[in-house]
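The structure under discussion appears below in the form of structure tokens.
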Amino acid sequence: MISPNQEKVRSEEDVDFPEFIKALYQRYKIDYPKFYKMDNLCKLAFISSEILLKETGLKQKYSDEAIGIVLCNSSASIDSDCKHVESFVDKANYYPSPSIFVYTLPNIAIGEICIRNSIKGENALFVFEKFEVEFSVNYLKNLLDTGKAEACIGGWIEYSEEGFESFLFSVERKDKLEPNQAIVPFSTEEIRKLYLKN
Amino acid sequence: MDALITDLKGKIIHQLNLEDVKPEDIDDNAPLFGSGLGLDSIDALELIVLLEKNYGLKIENPEAGKEIFSSIKSMADFIKENKDK
Amino acid sequence: MGFDTRSNIQNLLNNSSGIQLHNDSSKSQIPFWASLIRDSDINAGFNEIQGDEDFSRLEKLMILSIKDALKNSDVEVTSPKTLILLSSAKGNIDLLEKTSGKPKENRVYLPGLGRVIQDFFKNPNTPLIISNGCISGVLSLITAFRLMQAGVYDNIIVTGGDIISEFTVSGFQSFKALSDGPCKPFDKNRNGLNLGEGVATIILTANKGSAGKHKIQITGGATSNDANHISGPSRTGDGLFISVNKTIKEGKENHIENIDFISAHGTATVYNDEMESLAFTTAKLEDKPINSLKGYFGHTLGAAGLIESVVSLQSLRDNVLFASKGFETIGVTGNLNVIEKTEKREMEVCLKTASGFGGCNAAILFKKNG
């Protein structure tokens with residue numbers, strides 16, 4: 001099994017998330033106006049995946065349906081959930097908005113990555129109190145070993161008013177590696193090491 | 001009418017999160033959907049919310065909306081005709 | 001529709017539906033058609049179990065469902081080799097409404113809901129939780145199947161549930177996605193979905209002896225993404241086709257000819273049903289008897305995959321094909337063989353599918369042995 005490339009972003013004190021994530025969008029010169037319609041969770045997932053996919057070139061190597069995405073978090077879509085409740089709780093100001101409601105499902109973050117990159121393979125979203133590395137690694141290993149996917153993006157994308165965290169990695173089948181590609185074996189310990197590194 | 005159109009453009013930019021778009025970039029008569037601003041199905045539904053929230057006008061059926069939302073000018077016309085009814 | 005499988009099946013056989021017109025200002029500013037569970041029924045069932053603790057509507061329903069499923073099995077819920085797997089799109093979302101959108105307690109978060117269920121049944125494993133919109137139910141069965149294949153657990157209790165509150169009703173209303181009457185899946189006059197609430201449980205077991213007279217196996221499952229739009233389904237059905245195709249190719253004995261019927265997603269929105277018809281046609285399944293159960297239960301979101309699978313498993317066991325309630329005239333491009341009348345038929349294999357916001361799709365195969 002193969003090389004996790006990883007990218008990690010964690011919130012610092014007093015970071016204004018919208019400004020922070022917009023700065024990353026501009027820094028990486030991403031041209032994708034749909035970004036501005038996304039909610040915070042999806043913006044975080046999207047930018048993280050942009051960085052990861054640029055580095056790994058997965059889309060150049062694998063077909064649309066061969067790439068899977070399996071993400072986890074602990075707050076699901078709580079940020080958009082709260083915004084949606086605010087849009088209807090005051091009956092004098094009752095304006096539920098479809099563009100907020102659509103983001104009240106955490107798997108939309110996976111959807112946004114798929115749409116941007118035309119990724120059509122396995123997708124799943126799990127909710128844990130904290131990032132369950134062993135479960136994620138085993139689930140992804142199973143997808144790759146059984147041929148349900150040839151490459152996967154996995155990780156933890158969390159956003160709530162307590163803070164945000166993003167840890168994404170990619171994993172590919174060993175037989176698909178290029179000759180000089182740096183590899184790290186795909187295991188629970190390796191992913192945990194990378195996750196805790198920062 | 002000009003004030004209404006300027007106001008409408010500002011509200012649309014805000015409601016639809018068209019962050020890199022300025023009011024002067026939007027042509028009054030250009031199609032909003034398809035080409036032009038390239039709005040999608042969720043945007044169409046948001047425009048329905050926008051009309052209700054800002055101008056007190058209700059559209060029940062998204063199909064009826066197609067004609068009204070074809071351009072900024074057609075939206076402004078609709079608002080002007082129906083606003084004080 | 002009932003608090004156990006038998007009652008639900010009886011209602012289906014009687015062509016009864018849970019869908020009614022509701023006039024409830026705590027859920028909607030205008031009347032809406034949906035299949036809702038009366039609080040009095042929930043409490044009547046629950047009071048027999050436990051009086052004191054302040055469980056939420058969803059928790060009560062999930063506990064009742066798991067208890068009922070356990071009653072008919074010999075699974076030891078307190079064993080470390082038993083896992084509880086929960087599927088829910090919105091969990092205890094009504095608790096968030098009560099505090100006007102300020103998350104004040106743990107149970108508003110899905111792991112908190114999981115903890116309540118785990119503690120009630122005294123299971124040592126943290127419940128696995130899937131929240132993937134409308135495919136959550138089917139995805140949770142696929143995940144459980146994969147975990148069982150890996151030999152990690154002897155038994156997995158898969159429970160899917162969602163309740164309906166103003167959160168969901170107002171949201172779907174803003175999408176103009178709700179029908180103005182009982183929904184009509186695949187019909188040419190369909191104009192939207194009905195929401196529904198409910199919970200269902202399926203227990204997967206490695207113990208071949210405990211499955212009773214009819215053993216049913218899962219023989220394949222896969223998910224995919226349309227990569228088209230976050231709320232609009234693919235215009236070609238190619239995403240769902242990928243799931244269906246991968247599912248059919250999975251087991252050695254999986255062949256298109258063996259599929260006896262399809263339990264589709266069939267929400268009765270214009271675009272979903274059209275998309276499914278294209279996907280099934282591409283998969284060369286357009287002749288297979290197909291139904292949507294949403295005319296009976298409404299769209300039960302995270303519970304849909306479980307509720308509809310329970311009915312489909314019962315269909316296999318009893319050799320009964322349920323009519324696709326609400327359907328009259330075909331109104332999709334794919335010339336599907338929609339079941340119009342409930343009938344008896346010898347069957348072994350069912351293909352169940354689901355699709356949802358975010359462009360996700362899932363498919364799973366159930367096979368009856370003996």
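We label chains A, B, ... in the order they appear in the structure tokens, count residues from 1 in each chain, and number ligands from 1 in the order shown.
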All residues 9 Å or closer to Lys53 of chain B, only C-alpha atoms, same chain fewer than 5 positions away omitted, as a ChimeraX atom specification = /A:93-95 /B:48
Store the residues picked out above, limited to C-alpha atoms, as a PDB file, in the first residue's frame.
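out_22.pdb, freshly written:
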ATOM      1  CA  ASN A  93     -38.475  37.136   9.588  1.00  0.00           C
ATOM      2  CA  TYR A  94     -39.185  33.744   8.039  1.00  0.00           C
ATOM      3  CA  TYR A  95     -36.893  33.231   5.013  1.00  0.00           C
TER       4      TYR A  95
ATOM      5  CA  ILE B  48     -37.550  33.654  -5.310  1.00  0.00           C
TER       6      ILE B  48
END
Just the strand (DSSP E or B) stuff from segment 137-226 of chain C, please, per backbone DSSP, written as a ChimeraX atom specification.
-> /C:155-162,178,187,193,195-196,198-205,215-225
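For the choices B:Leu45, B:Lys9, B:Met75, B:Asp2, the atom-to-atom distance to Glu60 of chain B is smallest for B:Leu45 when using only C-alpha atoms.
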Which chain C residues have any atom within 9 Å of an atom of chain B, and for each, what is the nearest pair of atoms with distance in Å to one decimal, counting only C-alpha atoms, rows sorted by chain and number, as CSV?
residue,atom,partner,partner_atom,distance
C:Ser174,CA,B:Leu45,CA,7.2
C:Phe175,CA,B:Leu45,CA,6.6
C:Lys176,CA,B:Pro62,CA,7.7
C:Ser231,CA,B:Ile42,CA,7.9
C:Gly232,CA,B:Ser41,CA,7.8
Emit the selected residues as a PDB file, in the first residue's frame, including C-alpha atoms.
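The resulting file, part-v7.pdb, is shown below:
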ATOM      1  CA  SER C 174     -37.466  26.393   0.061  1.00  0.00           C
ATOM      2  CA  PHE C 175     -36.470  23.914  -2.654  1.00  0.00           C
ATOM      3  CA  LYS C 176     -40.099  23.735  -3.800  1.00  0.00           C
ATOM      4  CA  SER C 231     -28.724  19.206  -5.307  1.00  0.00           C
ATOM      5  CA  GLY C 232     -29.637  18.287  -8.873  1.00  0.00           C
TER       6      GLY C 232
END
Taking only C-alpha atoms into account, produce a table as CSV in which each residue of chain C with an atom at most 8 Å from an atom of chain A appears once, together with its shortest atom pair and the distance in Å to one decimal, ordered by chain and rising number.
residue,atom,partner,partner_atom,distance
C:Ala89,CA,A:Leu105,CA,7.0
C:Lys90,CA,A:Leu105,CA,7.7
C:Leu96,CA,A:Cys82,CA,7.6
C:Glu97,CA,A:Val85,CA,6.2
C:Ser100,CA,A:Val89,CA,6.2
C:Gly101,CA,A:Cys82,CA,4.5
C:Lys102,CA,A:Cys82,CA,6.6
C:Pro103,CA,A:Cys82,CA,7.8
C:Tyr109,CA,A:Ser75,CA,6.0
C:Leu110,CA,A:Val127,CA,6.9
C:Pro111,CA,A:Glu129,CA,5.8
C:Leu128,CA,A:Phe128,CA,7.5
C:Ile129,CA,A:Val127,CA,5.3
C:Ile130,CA,A:Phe126,CA,4.7
C:Ser131,CA,A:Leu125,CA,6.0
C:Asn132,CA,A:Asn107,CA,5.2
C:Gly133,CA,A:Leu105,CA,6.0
C:Leu139,CA,A:Ala124,CA,7.6
C:Arg146,CA,A:Asn142,CA,7.8
C:Phe167,CA,A:Val85,CA,6.5
C:Ser170,CA,A:Pro96,CA,6.3
C:Gly171,CA,A:Phe101,CA,5.5
C:Phe172,CA,A:Pro98,CA,7.9
C:Ser174,CA,A:Pro98,CA,5.3
C:Phe175,CA,A:Pro98,CA,5.7
C:Ala222,CA,A:Glu122,CA,6.8
C:Thr223,CA,A:Glu122,CA,4.8
C:Ser224,CA,A:Gly121,CA,4.6
C:Asn225,CA,A:Lys120,CA,4.4
C:Asp226,CA,A:Lys120,CA,5.9
C:Ala227,CA,A:Ile115,CA,4.0
C:Asn228,CA,A:Ile115,CA,5.5
C:His229,CA,A:Ile115,CA,6.6
C:Ile230,CA,A:Gly111,CA,6.2
C:Ser231,CA,A:Val102,CA,7.0
C:Gly239,CA,A:Lys120,CA,6.6
C:Ile242,CA,A:Glu65,CA,7.5
C:Lys246,CA,A:Lys148,CA,7.9
C:Phe357,CA,A:Ile108,CA,7.0
C:Gly358,CA,A:Gly111,CA,4.5
C:Gly359,CA,A:Gly111,CA,6.0
C:Cys360,CA,A:Gly111,CA,7.3
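For the choices A:Phe131, A:Tyr36, A:Trp156, A:Tyr25, the atom-to-atom distance to chain B is smallest for A:Tyr36 when using only C-alpha atoms.
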Neighbours of Asp41 of chain C within 12 Å (only C-alpha atoms; same-chain residues fewer than 5 positions away dropped), as a PyMOL selection string?
-> chain C and resi 1-3+36+46-48+57+60-61+64
Quick one: write out the picked residues with N, CA and C atoms as an mmCIF file, in the first residue's frame?
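Listing of again.cif after writing:
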data_model
loop_
_atom_site.group_PDB
_atom_site.id
_atom_site.type_symbol
_atom_site.label_atom_id
_atom_site.label_comp_id
_atom_site.auth_asym_id
_atom_site.auth_seq_id
_atom_site.Cartn_x
_atom_site.Cartn_y
_atom_site.Cartn_z
ATOM 1 N N MET C 1 -47.357 3.780 10.207
ATOM 2 C CA MET C 1 -47.531 2.522 9.505
ATOM 3 C C MET C 1 -47.331 1.323 10.414
ATOM 4 N N GLY C 2 -46.941 1.560 11.626
ATOM 5 C CA GLY C 2 -46.813 0.435 12.555
ATOM 6 C C GLY C 2 -45.505 0.438 13.303
ATOM 7 N N PHE C 3 -45.535 -0.224 14.466
ATOM 8 C CA PHE C 3 -44.361 -0.253 15.332
ATOM 9 C C PHE C 3 -43.617 -1.574 15.262
ATOM 10 N N LEU C 36 -46.087 11.109 9.325
ATOM 11 C CA LEU C 36 -45.504 11.422 10.629
ATOM 12 C C LEU C 36 -46.006 10.436 11.683
ATOM 13 N N PHE C 46 -43.157 3.390 24.426
ATOM 14 C CA PHE C 46 -41.937 3.571 25.194
ATOM 15 C C PHE C 46 -42.155 3.469 26.687
ATOM 16 N N ASN C 47 -43.329 3.869 27.136
ATOM 17 C CA ASN C 47 -43.571 3.851 28.576
ATOM 18 C C ASN C 47 -43.476 2.463 29.170
ATOM 19 N N GLU C 48 -43.707 1.468 28.309
ATOM 20 C CA GLU C 48 -43.566 0.095 28.820
ATOM 21 C C GLU C 48 -42.118 -0.216 29.145
ATOM 22 N N ARG C 57 -37.412 12.182 20.730
ATOM 23 C CA ARG C 57 -38.308 11.389 19.861
ATOM 24 C C ARG C 57 -37.512 10.343 19.098
ATOM 25 N N LYS C 60 -36.142 7.515 21.328
ATOM 26 C CA LYS C 60 -37.204 6.556 21.706
ATOM 27 C C LYS C 60 -37.485 5.612 20.547
ATOM 28 N N LEU C 61 -37.607 6.171 19.353
ATOM 29 C CA LEU C 61 -37.902 5.337 18.187
ATOM 30 C C LEU C 61 -36.777 4.349 17.916
ATOM 31 N N LEU C 64 -36.820 1.601 20.608
ATOM 32 C CA LEU C 64 -37.931 0.670 20.362
ATOM 33 C C LEU C 64 -37.603 -0.269 19.205
#
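Each of B:Asn54, B:Asn29, B:Ser35, B:Ser71 was compared to chain A using only C-alpha atoms, and B:Asn54 turns out to be the nearest.
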Can you pull out every residue within 10 Å of Ser277 of chain C, counting only C-alpha atoms, but drop anything in the same chain fewer than 4 positions away, and send it as a ChimeraX atom specification?
-> /C:186,236-237,264,266,272-273,281-283,285-286,331-336
Option closest in space to chain A, from B:Ala64, B:Ala3, B:Leu39, B:Leu8 [counting only C-alpha atoms] = B:Leu39
Applying 12 Å and only C-alpha atoms, which residues near Gly38 of chain B remain after dropping the ones on its own chain fewer than 2 positions away? List them as a PDB file with N, CA and C atoms, in the first residue's frame.
ATOM      1  N   PRO A  33     -15.478  30.073  -9.032  1.00  0.00           N
ATOM      2  CA  PRO A  33     -16.419  30.964  -8.340  1.00  0.00           C
ATOM      3  C   PRO A  33     -17.420  30.235  -7.433  1.00  0.00           C
ATOM      4  N   LYS A  34     -17.696  28.945  -7.705  1.00  0.00           N
ATOM      5  CA  LYS A  34     -18.632  28.195  -6.844  1.00  0.00           C
ATOM      6  C   LYS A  34     -18.113  28.172  -5.395  1.00  0.00           C
TER       7      LYS A  34
ATOM      8  N   LEU B  16     -26.595  35.818  -3.685  1.00  0.00           N
ATOM      9  CA  LEU B  16     -26.085  34.651  -4.407  1.00  0.00           C
ATOM     10  C   LEU B  16     -24.577  34.461  -4.214  1.00  0.00           C
ATOM     11  N   LEU B  18     -22.023  36.204  -5.139  1.00  0.00           N
ATOM     12  CA  LEU B  18     -21.243  36.416  -6.366  1.00  0.00           C
ATOM     13  C   LEU B  18     -20.097  37.355  -6.017  1.00  0.00           C
ATOM     14  N   VAL B  21     -18.031  39.631  -8.414  1.00  0.00           N
ATOM     15  CA  VAL B  21     -18.813  40.369  -9.426  1.00  0.00           C
ATOM     16  C   VAL B  21     -19.199  41.741  -8.887  1.00  0.00           C
ATOM     17  N   ILE B  26     -22.624  43.586 -14.490  1.00  0.00           N
ATOM     18  CA  ILE B  26     -23.848  42.899 -14.917  1.00  0.00           C
ATOM     19  C   ILE B  26     -24.607  43.750 -15.921  1.00  0.00           C
ATOM     20  N   ALA B  30     -28.645  41.140 -20.264  1.00  0.00           N
ATOM     21  CA  ALA B  30     -28.006  39.843 -20.530  1.00  0.00           C
ATOM     22  C   ALA B  30     -28.739  38.728 -19.788  1.00  0.00           C
ATOM     23  N   PRO B  31     -28.733  37.501 -20.339  1.00  0.00           N
ATOM     24  CA  PRO B  31     -29.377  36.388 -19.630  1.00  0.00           C
ATOM     25  C   PRO B  31     -28.673  36.131 -18.292  1.00  0.00           C
ATOM     26  N   LEU B  32     -29.476  35.850 -17.257  1.00  0.00           N
ATOM     27  CA  LEU B  32     -28.884  35.551 -15.955  1.00  0.00           C
ATOM     28  C   LEU B  32     -28.465  34.094 -15.886  1.00  0.00           C
ATOM     29  N   PHE B  33     -29.237  33.238 -16.562  1.00  0.00           N
ATOM     30  CA  PHE B  33     -28.965  31.799 -16.525  1.00  0.00           C
ATOM     31  C   PHE B  33     -28.304  31.372 -17.818  1.00  0.00           C
ATOM     32  N   GLY B  34     -27.731  30.183 -17.816  1.00  0.00           N
ATOM     33  CA  GLY B  34     -27.010  29.726 -19.014  1.00  0.00           C
ATOM     34  C   GLY B  34     -25.713  30.473 -19.123  1.00  0.00           C
ATOM     35  N   SER B  35     -25.654  31.455 -19.988  1.00  0.00           N
ATOM     36  CA  SER B  35     -24.432  32.267 -20.110  1.00  0.00           C
ATOM     37  C   SER B  35     -24.522  33.417 -19.104  1.00  0.00           C
ATOM     38  N   GLY B  36     -23.902  34.524 -19.380  1.00  0.00           N
ATOM     39  CA  GLY B  36     -23.979  35.674 -18.469  1.00  0.00           C
ATOM     40  C   GLY B  36     -23.436  35.289 -17.101  1.00  0.00           C
ATOM     41  N   ASP B  40     -27.461  28.875 -11.393  1.00  0.00           N
ATOM     42  CA  ASP B  40     -27.985  27.497 -11.484  1.00  0.00           C
ATOM     43  C   ASP B  40     -29.344  27.377 -10.783  1.00  0.00           C
ATOM     44  N   SER B  41     -29.775  26.121 -10.600  1.00  0.00           N
ATOM     45  CA  SER B  41     -31.126  25.894 -10.084  1.00  0.00           C
ATOM     46  C   SER B  41     -31.303  26.407  -8.650  1.00  0.00           C
ATOM     47  N   ILE B  42     -30.237  26.305  -7.847  1.00  0.00           N
ATOM     48  CA  ILE B  42     -30.362  26.809  -6.473  1.00  0.00           C
ATOM     49  C   ILE B  42     -30.459  28.327  -6.496  1.00  0.00           C
ATOM     50  N   ASP B  43     -29.701  28.969  -7.383  1.00  0.00           N
ATOM     51  CA  ASP B  43     -29.770  30.428  -7.520  1.00  0.00           C
ATOM     52  C   ASP B  43     -31.181  30.861  -7.894  1.00  0.00           C
ATOM     53  N   ALA B  44     -31.822  30.091  -8.779  1.00  0.00           N
ATOM     54  CA  ALA B  44     -33.186  30.432  -9.200  1.00  0.00           C
ATOM     55  C   ALA B  44     -34.117  30.435  -7.993  1.00  0.00           C
ATOM     56  N   SER B  70     -35.341  36.094 -16.418  1.00  0.00           N
ATOM     57  CA  SER B  70     -34.498  35.930 -17.610  1.00  0.00           C
ATOM     58  C   SER B  70     -33.400  36.987 -17.658  1.00  0.00           C
ATOM     59  N   SER B  71     -33.655  38.173 -17.125  1.00  0.00           N
ATOM     60  CA  SER B  71     -32.596  39.183 -17.086  1.00  0.00           C
ATOM     61  C   SER B  71     -32.874  40.139 -15.922  1.00  0.00           C
TER      62      SER B  71
END
If you run DSSP on the backbone, which residues of segment 38-97 of chain C are helix (DSSP H, G or I), as an mmCIF file with C-alpha atoms, in the first residue's frame?
data_model
loop_
_atom_site.group_PDB
_atom_site.id
_atom_site.type_symbol
_atom_site.label_atom_id
_atom_site.label_comp_id
_atom_site.auth_asym_id
_atom_site.auth_seq_id
_atom_site.Cartn_x
_atom_site.Cartn_y
_atom_site.Cartn_z
ATOM 1 C CA ASP C 39 -46.112 11.333 19.830
ATOM 2 C CA SER C 40 -48.803 9.492 21.761
ATOM 3 C CA ASP C 41 -47.966 6.292 19.884
ATOM 4 C CA ILE C 42 -44.255 6.698 20.567
ATOM 5 C CA ASN C 43 -44.835 7.320 24.235
ATOM 6 C CA ALA C 44 -47.331 4.499 24.585
ATOM 7 C CA GLY C 45 -44.768 2.068 23.225
ATOM 8 C CA PHE C 46 -41.937 3.571 25.194
ATOM 9 C CA ASN C 47 -43.571 3.851 28.576
ATOM 10 C CA ARG C 57 -38.308 11.389 19.861
ATOM 11 C CA LEU C 58 -35.619 9.860 17.694
ATOM 12 C CA GLU C 59 -33.906 8.121 20.597
ATOM 13 C CA LYS C 60 -37.204 6.556 21.706
ATOM 14 C CA LEU C 61 -37.902 5.337 18.187
ATOM 15 C CA MET C 62 -34.395 3.930 17.770
ATOM 16 C CA ILE C 63 -34.517 2.172 21.137
ATOM 17 C CA LEU C 64 -37.931 0.670 20.362
ATOM 18 C CA SER C 65 -36.718 -0.505 16.967
ATOM 19 C CA ILE C 66 -33.523 -2.096 18.252
ATOM 20 C CA LYS C 67 -35.398 -3.766 21.105
ATOM 21 C CA ASP C 68 -37.898 -5.199 18.671
ATOM 22 C CA ALA C 69 -35.157 -6.505 16.384
ATOM 23 C CA LEU C 70 -33.245 -8.038 19.294
ATOM 24 C CA LYS C 71 -36.398 -9.759 20.515
ATOM 25 C CA ILE C 93 -32.221 18.173 14.956
ATOM 26 C CA ASP C 94 -35.436 19.048 16.816
ATOM 27 C CA LEU C 95 -33.290 19.676 19.912
ATOM 28 C CA LEU C 96 -31.377 22.348 17.997
ATOM 29 C CA GLU C 97 -34.634 24.049 17.029
#
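Coordinates place atom CA of Glu197 of chain C at a distance of 28.8 Å from atom CA of Met347 of chain C.
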Spatial neighbours of Pro23 of chain B, max dist 10 Å, only C-alpha atoms, sep filter under 6 positions, as an mmCIF file with N, CA and C atoms, in the first residue's frame:
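The resulting file, result-v7.cif, is shown below:
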data_model
loop_
_atom_site.group_PDB
_atom_site.id
_atom_site.type_symbol
_atom_site.label_atom_id
_atom_site.label_comp_id
_atom_site.auth_asym_id
_atom_site.auth_seq_id
_atom_site.Cartn_x
_atom_site.Cartn_y
_atom_site.Cartn_z
ATOM 1 N N ILE B 5 -32.798 49.152 -10.349
ATOM 2 C CA ILE B 5 -31.875 48.211 -10.988
ATOM 3 C C ILE B 5 -30.555 48.124 -10.230
ATOM 4 N N THR B 6 -30.056 49.263 -9.811
ATOM 5 C CA THR B 6 -28.784 49.250 -9.060
ATOM 6 C C THR B 6 -28.968 48.499 -7.747
ATOM 7 N N ASP B 7 -30.074 48.821 -7.086
ATOM 8 C CA ASP B 7 -30.371 48.166 -5.807
ATOM 9 C C ASP B 7 -30.501 46.652 -5.996
ATOM 10 N N LEU B 8 -31.219 46.265 -7.070
ATOM 11 C CA LEU B 8 -31.448 44.845 -7.358
ATOM 12 C C LEU B 8 -30.137 44.120 -7.608
ATOM 13 N N LYS B 9 -29.266 44.735 -8.403
ATOM 14 C CA LYS B 9 -27.969 44.103 -8.700
ATOM 15 C C LYS B 9 -27.185 43.869 -7.411
ATOM 16 N N GLY B 10 -27.184 44.873 -6.554
ATOM 17 C CA GLY B 10 -26.460 44.747 -5.281
ATOM 18 C C GLY B 10 -27.004 43.599 -4.443
ATOM 19 N N LYS B 11 -28.328 43.520 -4.390
ATOM 20 C CA LYS B 11 -28.957 42.460 -3.590
ATOM 21 C C LYS B 11 -28.667 41.084 -4.161
ATOM 22 N N ILE B 12 -28.683 40.973 -5.489
ATOM 23 C CA ILE B 12 -28.407 39.681 -6.125
ATOM 24 C C ILE B 12 -26.968 39.247 -5.848
ATOM 25 N N ILE B 13 -26.047 40.173 -5.980
ATOM 26 C CA ILE B 13 -24.637 39.852 -5.724
ATOM 27 C C ILE B 13 -24.478 39.341 -4.295
#
